[in-house]
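Content type compact mmCIF, C-alpha atoms and all ligand atoms, from the file data-v6.txt:
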```txt
# COMPACT_ATOMS: atom_id res chain seq x y z
CA MET A 1 -51.96 -23.97 110.60
CA ALA A 2 -51.67 -22.54 114.08
CA LYS A 3 -54.10 -23.93 116.59
CA SER A 4 -56.78 -21.33 117.25
CA PRO A 5 -58.21 -20.90 120.72
CA ALA A 6 -61.34 -22.95 121.31
CA HIS A 7 -64.34 -20.98 120.16
CA GLU A 8 -66.81 -20.56 122.95
CA ALA A 9 -70.33 -19.43 122.18
CA PRO A 10 -71.79 -17.00 124.71
CA VAL A 11 -73.61 -18.76 127.52
CA VAL A 12 -76.67 -17.10 128.99
CA HIS A 13 -76.82 -17.52 132.75
CA ALA A 14 -79.77 -17.23 135.09
CA GLY A 15 -78.72 -13.68 136.05
CA ASP A 16 -78.94 -12.60 132.40
CA VAL A 17 -82.57 -13.67 132.25
CA HIS A 18 -84.78 -10.71 133.06
CA LEU A 19 -88.03 -12.06 134.36
CA LEU A 20 -91.12 -9.90 134.38
CA VAL A 21 -93.51 -10.99 137.11
CA VAL A 22 -97.02 -9.68 136.49
CA GLU A 23 -98.99 -10.24 139.68
CA ASP A 24 -101.26 -7.90 141.64
CA ASP A 25 -101.37 -9.99 144.81
CA ASP A 26 -98.43 -9.08 147.08
CA SER A 27 -98.77 -12.28 149.11
CA ILE A 28 -98.06 -14.27 145.93
CA ALA A 29 -95.68 -11.86 144.21
CA GLU A 30 -93.29 -11.32 147.12
CA PRO A 31 -92.30 -14.95 147.81
CA MET A 32 -92.23 -15.55 144.06
CA VAL A 33 -89.80 -12.69 143.40
CA GLU A 34 -87.69 -13.73 146.37
CA GLY A 35 -87.50 -17.36 145.24
CA LEU A 36 -86.67 -16.42 141.66
CA GLU A 37 -83.95 -14.03 142.78
CA ARG A 38 -82.54 -16.74 145.01
CA ALA A 39 -82.42 -18.98 141.94
CA GLY A 40 -80.24 -16.30 140.31
CA PHE A 41 -82.73 -14.53 138.07
CA THR A 42 -83.06 -10.78 137.69
CA VAL A 43 -86.69 -9.99 138.43
CA GLN A 44 -88.94 -7.02 137.79
CA ARG A 45 -92.43 -7.11 139.24
CA VAL A 46 -95.45 -5.13 138.05
CA ALA A 47 -99.03 -5.32 139.30
CA THR A 48 -101.12 -4.34 136.27
CA GLY A 49 -101.58 -5.38 132.67
CA SER A 50 -100.72 -1.95 131.29
CA ALA A 51 -97.48 -1.84 133.31
CA ALA A 52 -96.68 -5.31 131.97
CA LEU A 53 -97.13 -4.21 128.35
CA ALA A 54 -94.98 -1.13 128.99
CA ALA A 55 -92.18 -3.25 130.49
CA LEU A 56 -92.35 -5.99 127.88
CA SER A 57 -89.41 -4.90 125.76
CA THR A 58 -86.92 -5.33 128.61
CA ALA A 59 -88.10 -8.83 129.58
CA ASN A 60 -86.66 -12.18 128.45
CA LEU A 61 -89.54 -14.08 129.99
CA VAL A 62 -92.91 -13.12 131.46
CA LEU A 63 -94.77 -14.78 134.33
CA LEU A 64 -98.33 -13.64 133.87
CA ASP A 65 -101.24 -13.75 136.30
CA LEU A 66 -104.69 -13.77 134.66
CA GLY A 67 -106.72 -11.94 137.31
CA LEU A 68 -105.31 -8.40 137.04
CA PRO A 69 -107.03 -5.19 138.16
CA ASP A 70 -107.02 -3.29 134.86
CA MET A 71 -107.38 -5.99 132.20
CA ASP A 72 -107.48 -9.74 132.05
CA GLY A 73 -104.12 -11.50 131.69
CA SER A 74 -105.40 -13.20 128.55
CA GLU A 75 -105.77 -9.74 127.00
CA VAL A 76 -102.20 -8.89 128.07
CA CYS A 77 -101.05 -12.10 126.40
CA ARG A 78 -102.94 -11.34 123.20
CA ARG A 79 -101.59 -7.78 123.00
CA ALA A 80 -98.07 -8.89 123.88
CA ARG A 81 -98.12 -11.40 121.04
CA ALA A 82 -98.99 -8.67 118.56
CA THR A 83 -95.54 -7.13 119.04
CA SER A 84 -93.33 -9.62 120.86
CA ASP A 85 -92.10 -13.21 120.85
CA VAL A 86 -91.03 -13.07 124.51
CA PRO A 87 -91.76 -16.40 126.25
CA ILE A 88 -94.84 -16.15 128.49
CA ILE A 89 -95.79 -18.50 131.30
CA ILE A 90 -99.32 -17.98 132.59
CA VAL A 91 -99.48 -18.44 136.36
CA SER A 92 -103.08 -18.71 137.43
CA ALA A 93 -105.48 -20.21 139.91
CA ARG A 94 -107.75 -20.99 136.97
CA GLY A 95 -106.81 -24.57 136.30
CA ASP A 96 -109.64 -25.69 134.01
CA GLU A 97 -108.54 -27.42 130.88
CA SER A 98 -110.45 -24.86 128.81
CA GLU A 99 -108.52 -22.01 130.50
CA ARG A 100 -105.20 -23.71 129.84
CA VAL A 101 -106.06 -24.34 126.23
CA LEU A 102 -107.18 -20.73 125.78
CA GLY A 103 -103.94 -19.46 127.36
CA LEU A 104 -101.81 -21.58 125.07
CA GLU A 105 -103.90 -20.56 122.06
CA LEU A 106 -103.30 -16.92 122.93
CA GLY A 107 -99.60 -17.63 122.56
CA ALA A 108 -98.47 -18.46 126.09
CA ASP A 109 -95.58 -20.94 126.20
CA ASP A 110 -96.62 -22.72 129.37
CA TYR A 111 -99.32 -22.65 132.02
CA LEU A 112 -98.75 -23.12 135.73
CA VAL A 113 -101.66 -23.53 138.13
CA LYS A 114 -101.61 -21.90 141.58
CA PRO A 115 -100.73 -22.96 144.17
CA PHE A 116 -97.37 -24.17 142.89
CA GLY A 117 -94.02 -25.05 144.44
CA MET A 118 -91.01 -22.81 143.95
CA ARG A 119 -89.00 -25.67 142.51
CA GLU A 120 -91.61 -26.31 139.90
CA LEU A 121 -91.76 -22.64 138.98
CA VAL A 122 -87.96 -22.40 138.63
CA ALA A 123 -87.84 -25.60 136.58
CA ARG A 124 -90.55 -24.28 134.22
CA VAL A 125 -88.78 -20.93 133.87
CA ARG A 126 -85.53 -22.70 133.01
CA ALA A 127 -87.23 -25.03 130.55
CA VAL A 128 -89.08 -22.22 128.78
CA SER A 129 -86.10 -19.86 128.73
CA ARG A 130 -83.96 -22.60 127.20
CA ARG A 131 -86.57 -23.01 124.49
CA GLY A 132 -86.84 -19.27 123.96
CA MET A 133 -83.16 -18.47 123.69
CA PRO A 134 -80.99 -20.49 121.34
CA ALA A 135 -77.99 -18.58 122.73
CA ASN A 136 -78.56 -20.41 125.98
CA ASP A 137 -77.06 -23.52 124.43
CA ALA A 138 -73.68 -24.34 125.85
CA PRO A 139 -70.88 -24.53 123.27
CA ALA A 140 -70.65 -27.86 121.44
CA THR A 141 -67.03 -28.29 122.43
CA GLN A 142 -65.33 -26.67 125.34
CA ARG A 143 -62.00 -26.87 127.08
CA VAL A 144 -61.56 -26.20 130.80
CA ASP A 145 -57.94 -26.65 131.90
CA ALA A 146 -56.94 -30.10 130.63
CA VAL A 147 -60.52 -31.29 130.29
CA GLU A 148 -62.15 -31.23 126.87
CA ILE A 149 -65.93 -31.62 126.69
CA ASP A 150 -67.72 -32.47 123.45
CA ARG A 151 -71.46 -32.05 124.00
CA ARG A 152 -72.30 -33.26 120.51
CA THR A 153 -70.72 -36.66 120.96
CA ARG A 154 -70.95 -36.57 124.78
CA ARG A 155 -67.25 -37.43 125.07
CA VAL A 156 -64.83 -36.08 127.63
CA THR A 157 -61.08 -36.28 127.28
CA VAL A 158 -58.29 -35.32 129.66
CA GLU A 159 -54.98 -34.62 127.90
CA GLY A 160 -56.42 -36.50 124.93
CA ALA A 161 -57.39 -39.63 126.91
CA GLU A 162 -61.10 -40.39 126.84
CA LEU A 163 -62.94 -40.85 130.13
CA ALA A 164 -65.70 -43.43 130.54
CA LEU A 165 -68.42 -41.32 132.14
CA SER A 166 -71.95 -42.41 132.93
CA PRO A 167 -74.71 -40.30 131.35
CA LYS A 168 -75.39 -38.51 134.65
CA GLU A 169 -71.69 -37.87 135.23
CA PHE A 170 -71.46 -36.33 131.79
CA ASP A 171 -74.54 -34.13 132.36
CA LEU A 172 -73.17 -33.04 135.72
CA LEU A 173 -69.77 -32.07 134.30
CA SER A 174 -71.38 -30.38 131.32
CA LEU A 175 -73.61 -28.28 133.59
CA LEU A 176 -70.73 -27.22 135.86
CA ALA A 177 -68.64 -26.35 132.81
CA GLU A 178 -71.25 -23.93 131.44
CA ASP A 179 -69.68 -21.30 133.67
CA PRO A 180 -66.35 -22.42 135.15
CA GLY A 181 -65.83 -20.87 138.56
CA ALA A 182 -69.53 -20.11 139.11
CA VAL A 183 -71.28 -21.98 141.88
CA VAL A 184 -74.12 -24.24 140.80
CA SER A 185 -76.47 -24.99 143.67
CA ARG A 186 -77.36 -28.52 144.66
CA GLN A 187 -80.97 -27.69 143.87
CA GLN A 188 -80.17 -26.51 140.39
CA ILE A 189 -78.12 -29.62 139.73
CA MET A 190 -80.92 -31.85 140.97
CA ASP A 191 -83.43 -29.99 138.79
CA GLU A 192 -81.32 -30.03 135.65
CA VAL A 193 -79.37 -33.28 135.80
CA TRP A 194 -81.95 -35.42 137.51
CA ASP A 195 -85.27 -33.71 137.05
CA SER A 196 -87.66 -31.50 138.93
CA HIS A 197 -89.64 -34.57 139.93
CA TRP A 198 -86.72 -36.24 141.70
CA TYR A 199 -87.73 -36.87 145.27
CA GLY A 200 -85.00 -39.37 146.14
CA PRO A 201 -82.04 -38.65 148.41
CA THR A 202 -79.73 -35.90 147.17
CA LYS A 203 -76.88 -38.11 148.40
CA THR A 204 -76.92 -39.59 144.93
CA LEU A 205 -75.43 -36.25 143.81
CA ASP A 206 -72.46 -36.62 146.19
CA VAL A 207 -71.88 -40.13 144.94
CA HIS A 208 -71.73 -38.90 141.35
CA ILE A 209 -69.44 -35.99 142.27
CA ALA A 210 -67.05 -38.38 144.03
CA SER A 211 -67.00 -40.72 141.07
CA LEU A 212 -66.49 -37.88 138.61
CA ARG A 213 -63.58 -36.47 140.63
CA LYS A 214 -61.93 -39.86 140.65
CA LYS A 215 -62.31 -40.29 136.91
CA LEU A 216 -61.00 -36.77 136.22
CA GLY A 217 -57.93 -37.67 138.28
CA ASP A 218 -57.79 -34.17 139.81
CA PRO A 219 -59.95 -33.96 142.94
CA GLY A 220 -59.58 -30.15 143.05
CA PHE A 221 -61.12 -29.68 139.60
CA ILE A 222 -64.60 -29.80 141.13
CA GLU A 223 -64.78 -27.70 144.29
CA THR A 224 -67.37 -28.16 147.02
CA VAL A 225 -68.97 -24.94 148.22
CA ARG A 226 -70.18 -25.95 151.63
CA SER A 227 -73.96 -26.08 152.06
CA VAL A 228 -74.45 -24.44 148.65
CA GLY A 229 -73.26 -26.59 145.80
CA PHE A 230 -70.30 -27.15 143.50
CA ARG A 231 -68.18 -25.32 140.96
CA LEU A 232 -65.35 -25.99 138.61
CA ARG A 233 -62.05 -24.51 139.75
CA HIS A 234 -61.70 -21.24 137.91
CA PRO A 235 -59.33 -21.77 135.01
CA CA B 301 -104.47 -11.68 140.58
```
Structure re-expressed in structure tokens:
Amino acid sequence: MAKSPAHEAPVVHAGDVHLLVVEDDDSIAEPMVEGLERAGFTVQRVATGSAALAALSTANLVLLDLGLPDMDGSEVCRRARATSDVPIIIVSARGDESERVLGLELGADDYLVKPFGMRELVARVRAVSRRGMPANDAPATQRVDAVEIDRRTRRVTVEGAELALSPKEFDLLSLLAEDPGAVVSRQQIMDEVWDSHWYGPTKTLDVHIASLRKKLGDPGFIETVRSVGFRLRHP
């Protein structure tokens, strides 16, 4: 039987995630939208609950303030759930446990208390959108040039020879391979391969990149994009 080309499931990238930011306060909404766009998301912002419900069908994920001028965010959440499974993250200054529990009972997927850091917000959005969209899963096996990645068994082979990668090296390669040629920022790598609570030196990333390049035996396979991040050489 002829060898068929490797099947590659569609990968959903940050730019394909349409975030709906529901926030009436410009001083919160503006930096939020800016930060999310910088992280690669497509963002639409509305300032009322009724505008949020009207825009719901085009959103892949909703960031919902509770204190809105026309109706409470909890009401928006309740109404949204009547017609939609879109992931909802409540973003509110109300941090009481009872408020959080109520929000989650109304069908929100996560609850973030203001004030929050941009990194935390982006990490939560990524985590929730991964949960919400099975299509976001990278393909189980993937070939990029001579490198074959098997995410099920976490094995990497080059021209059939298996590489001995550390768990972080594997995660790093797997992340870069989700979209060969696309730049992945240092921040995104730190968030996804280490975790959003990593406060150590980011030099550890350079050490892993260097080691990975050496093991791959082709230093040009992973390209450095100065002061931004890294990408796999476009196949
Ligand atoms: Ca508000």
Could you name the residues that touch stretch 214-222 of chain A at 7 Å or less, counting only C-alpha atoms, but leaving out those on the same chain fewer than 4 positions away, as a PyMOL selection string? chain A and resi 163+210+230-233
Once you count only C-alpha atoms and all ligand atoms, which residues end up within 6 Å of ligand CA 301 (chain B), and could you hand them over as a PyMOL selection string? chain A and resi 23-25+65+67-68
Residue nearest A:Thr224 among A:Ala140, A:Glu159, A:Met32, A:Val183 (counting only C-alpha atoms):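 Closest residue, counting only C-alpha atoms: A:Val183.
Across A:Leu175, A:Leu19, A:Ala164, A:Leu64, the tightest approach to A:Phe41 is made by A:Leu19 when counting all atoms listed in the file.
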Measuring between all atoms listed in the file, which one of A:Leu165, A:Leu53, A:Met118, A:Ala108 shows the shortest distance to A:Thr83? A:Leu53
Excluding A:Asn60 and residues on its chain fewer than 2 positions from it, collect all residues at most 6 Å away from it, counting all atoms listed in the file, and give them as a ChimeraX atom specification. /A:17-18,86
Generate the output file for the selected residues, C-alpha atoms, as a tab-separated table (two decimals), keeping the file's coordinate frame.
```tsv
chain	number	residue	atom	x	y	z
A	17	VAL	CA	-82.57	-13.67	132.25
A	18	HIS	CA	-84.78	-10.71	133.06
A	86	VAL	CA	-91.03	-13.07	124.51
```
Counting all atoms listed in the file, the option among A:Leu205, A:Arg213, A:Gly95, A:Gln187 closest to A:Val147: A:Arg213
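Reported to one decimal place, the separation of atom CA of A:Ala39 from atom CA of A:Leu121 is 10.5 Å.
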Around the point (-75.4, -41.1, 138.9) in the file's coordinates, collect all residues with an atom within 10 Å, using only C-alpha atoms, and return them as number ranges by chain. A: 165-172, 193-194, 204-209, 211-212
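Among the candidates A:Leu56, A:Thr48, A:Gly73, A:Phe116, the one nearest to A:Ile28 when counting only C-alpha atoms is A:Phe116.
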Compile the contact shell of A:Gly40 as a list in words: residues with an atom at most 12 Å away, counting all atoms listed in the file, same-chain residues fewer than 2 positions apart removed. Val12, His13, Ala14, Gly15, Asp16, Val17, His18, Leu19, Val33, Glu34, Gly35, Leu36, Glu37, Arg38, Thr42, Val43, Val122, Val125, Arg126, Ala182, Val183, Val184, Ser185, Gln187 and Gln188 of chain A
Which is closer to A:Ser74 than all the others in A:Pro87, A:Gly103, A:Arg154, A:Ser92, using all atoms listed in the file?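 Nearest to A:Ser74: A:Gly103.
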Which value, in Å to one decimal, gives the distance between atom CA of A:Val91 and atom CA of A:Val21?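 Result for atom CA of A:Val91 versus atom CA of A:Val21: 9.6 Å, one decimal.
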Test item: which residues lie within 10 Å of (-104.3, -23.8, 129.4) counting only C-alpha atoms, as a ChimeraX atom specification: /A:90,92,94-106,108-113
Write out, as an mmCIF file, in the frame of the given file, the residues just selected, with C-alpha atoms.
```
data_model
loop_
_atom_site.group_PDB
_atom_site.id
_atom_site.type_symbol
_atom_site.label_atom_id
_atom_site.label_comp_id
_atom_site.auth_asym_id
_atom_site.auth_seq_id
_atom_site.Cartn_x
_atom_site.Cartn_y
_atom_site.Cartn_z
ATOM 1 C CA ILE A 90 -99.320 -17.980 132.590
ATOM 2 C CA SER A 92 -103.080 -18.710 137.430
ATOM 3 C CA ARG A 94 -107.750 -20.990 136.970
ATOM 4 C CA GLY A 95 -106.810 -24.570 136.300
ATOM 5 C CA ASP A 96 -109.640 -25.690 134.010
ATOM 6 C CA GLU A 97 -108.540 -27.420 130.880
ATOM 7 C CA SER A 98 -110.450 -24.860 128.810
ATOM 8 C CA GLU A 99 -108.520 -22.010 130.500
ATOM 9 C CA ARG A 100 -105.200 -23.710 129.840
ATOM 10 C CA VAL A 101 -106.060 -24.340 126.230
ATOM 11 C CA LEU A 102 -107.180 -20.730 125.780
ATOM 12 C CA GLY A 103 -103.940 -19.460 127.360
ATOM 13 C CA LEU A 104 -101.810 -21.580 125.070
ATOM 14 C CA GLU A 105 -103.900 -20.560 122.060
ATOM 15 C CA LEU A 106 -103.300 -16.920 122.930
ATOM 16 C CA ALA A 108 -98.470 -18.460 126.090
ATOM 17 C CA ASP A 109 -95.580 -20.940 126.200
ATOM 18 C CA ASP A 110 -96.620 -22.720 129.370
ATOM 19 C CA TYR A 111 -99.320 -22.650 132.020
ATOM 20 C CA LEU A 112 -98.750 -23.120 135.730
ATOM 21 C CA VAL A 113 -101.660 -23.530 138.130
#
```
